[in-house]
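To keep things clear, I will list the structure first and then write my remarks on it.
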Amino acid sequence: MVDLATIWAALICIALLAYVVLDGFDLGVGILFPLGKNREERDVMMNTVAPVWDGNETWLVLGGGGMFAAFPLAYSVLLTAFYAPVMGMLLALVLRGVAFEFRFRTERWRPLWDLAFIGGSTLAAFFQGIMVGAFVQGVHVENGAYAGGWFDWLTPFTLLTGVSLVAGYALLGACWLVIKTEGGLQRRMRGLQIPLGALVVVLIGLVSFGTVLENVQVRERWISLGSFLFLWVIPLLTGIIAVSFFMAVRARREVLPFLLALCLFVASFIGLTSGLYPYLIPPAISYRAAANADGSLAFMLVGALALLPVILGYTAYVYWLFRGKVREGEGYH
């Protein structure tokens, strides 16, 4: 018999991972926006992501909508537990989205919209990292409802994960700008790849160590004999990817460092989900316990399977259409 809950859990994980690796680099461009030396460079930086940023956020909508439809218990509990950082992230994304349009249509207020783009990108990344850390810590649930406090999500560990995601997105942004730009801007972004990459690798190690300390189930799984081989392969793979990244940067490759930086995120995501499986609301509620009725899951799956190829096709077409370097005076606007 087909396990519909497992299929939906996999679809939501894929959607969230797609959001992180796609929207991550354009948030990273916003984080690095202050490094543009003049208006022309900042225009080029924004134009590298202007055609794709809104399509990238489709995956966030798909992940959130899928959670609401397929796992309503998890949606209600997690949204209540993370209400403040969720609202902070959404407001930051709205501010950032408005800045994309307004800064090209005003001279007087352009510096204000530049700040909005920087602040919206940085805060959105930070709040996303906060929520990842709070999820790893676990959520206090009683009788199917959130029973924790208003600020349970705010701890030193979640601040660490928030800063880590900002740094990770900045790395993706730098690698993307190396691909899409040229001249002095490209040289400066290439110069950031190694220090940002080293920082991200250190932060991955710190967050992994913190995860083991914060979550008893993760700690037990990592030291258990049955999981030893699988879970310790992930850190080894992460190390190999990191070394390959630095070698590719030193070889002055353009596309390969970006792909390897994405692989760092994928490896981290696999490590996180492997440690927390099968809990959708750590530390007690599994994704099967939080799932909707099988009839509802089957009905929605038909629509999801029809929609996914459309989203993938649209995304691939947009990236192909706007391929190549972005130069001064050229761009989406």
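Chain labels run A, B, ... following the order of the structure tokens; each chain numbers its residues from 1, and ligands are numbered from 1 in the order shown.
Omitting Ala198 of chain A and its sequence neighbours fewer than 2 positions away, and counting only C-alpha atoms, the residues within 12 Å are A:Ser164, A:Ala167, A:Gly168, A:Leu171, A:Leu192, A:Gln193, A:Ile194, A:Pro195, A:Leu196, A:Val200, A:Val201, A:Val202, A:Leu203, A:Ile204, A:Gly205, A:Gly239, A:Ala242, A:Val243, A:Phe245, A:Phe246, A:Val249, A:Ala261, A:Leu264.
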May I have the residues within 8 Å of Lys325 of chain A as an mmCIF file with C-alpha atoms, in the first residue's frame, using only C-alpha atoms and disregarding those fewer than 3 positions away in the same chain?
data_model
loop_
_atom_site.group_PDB
_atom_site.id
_atom_site.type_symbol
_atom_site.label_atom_id
_atom_site.label_comp_id
_atom_site.auth_asym_id
_atom_site.auth_seq_id
_atom_site.Cartn_x
_atom_site.Cartn_y
_atom_site.Cartn_z
ATOM 1 C CA ILE A 179 28.649 33.845 -12.555
ATOM 2 C CA LYS A 180 26.467 36.775 -13.595
ATOM 3 C CA THR A 181 28.830 39.773 -13.469
ATOM 4 C CA GLU A 182 32.250 40.824 -14.722
#
Sort by chain and increasing residue number a table of all residues of segment 177-269 of chain A within 8 Å of segment 6-22 of chain A, each with its closest pair of atoms and their distance in Å to one decimal, counting only C-alpha atoms, and write it as JSON lines.
{"residue": "A:Leu262", "atom": "CA", "partner": "A:Val21", "partner_atom": "CA", "distance": 6.1}
{"residue": "A:Phe265", "atom": "CA", "partner": "A:Val21", "partner_atom": "CA", "distance": 7.2}
{"residue": "A:Val266", "atom": "CA", "partner": "A:Leu17", "partner_atom": "CA", "distance": 7.3}
{"residue": "A:Phe269", "atom": "CA", "partner": "A:Leu17", "partner_atom": "CA", "distance": 7.4}
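Nearest-residue note for Phe209 of chain A: choosing from A:Pro235, A:Gly129, A:Pro283, A:Gly97, the minimum distance belongs to A:Pro235, counting only C-alpha atoms.
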TODO: Taking the chain letters and numbering used in this document, name the residues of segment 86-234 of chain A that DSSP puts in alpha helix (DSSP H), as a PyMOL selection string.
DONE: chain A and resi 86-102+110-137+156-180+183-214+216-223+225-234
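When atom CA of Gly210 of chain A is paired with atom CA of Phe126 of chain A, their separation reads 17.4 Å.
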Task: Nearby residues (only C-alpha atoms) at most 9 Å from segment 131-145 of chain A, same-chain spacing under 6 positions excluded, as number ranges by chain - done: A: 73, 76-78, 80-82, 85-86, 152-155, 157-162, 207, 211, 214-215, 272, 276, 281-285
Open item on the list: So that I can check the surroundings of Gly119 of chain A, please list as an NGL selection string every protein, DNA and RNA residue that reaches within 12 Å of it, counting only C-alpha atoms and ignoring chain neighbours fewer than 3 positions away.
Closed with: :A and (27-34 or 88-89 or 91-97 or 99 or 112-116 or 122-127 or 166)
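With only C-alpha atoms as the atoms that count, the minimum distance from Trp150 of chain A to the choices A:Tyr317, A:Ala70, A:Leu79, A:Ile240 is reached by A:Leu79.
Of the residues listed (A:Ala267, A:Val178, A:Ala251, A:Leu260), A:Ala267 shows the shortest atom-to-atom separation from Leu237 of chain A; distances use only C-alpha atoms.
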Task: Coordinates-based distance that separates atom CA of Leu256 of chain A from atom CA of Gly184 of chain A (Å, one decimal) - done: 20.3 Å
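For the residues A:Arg42, A:Val218, A:Arg327, A:Asp23, ranking by smallest atom-to-atom distance to Thr58 of chain A using only C-alpha atoms places A:Asp23 first.
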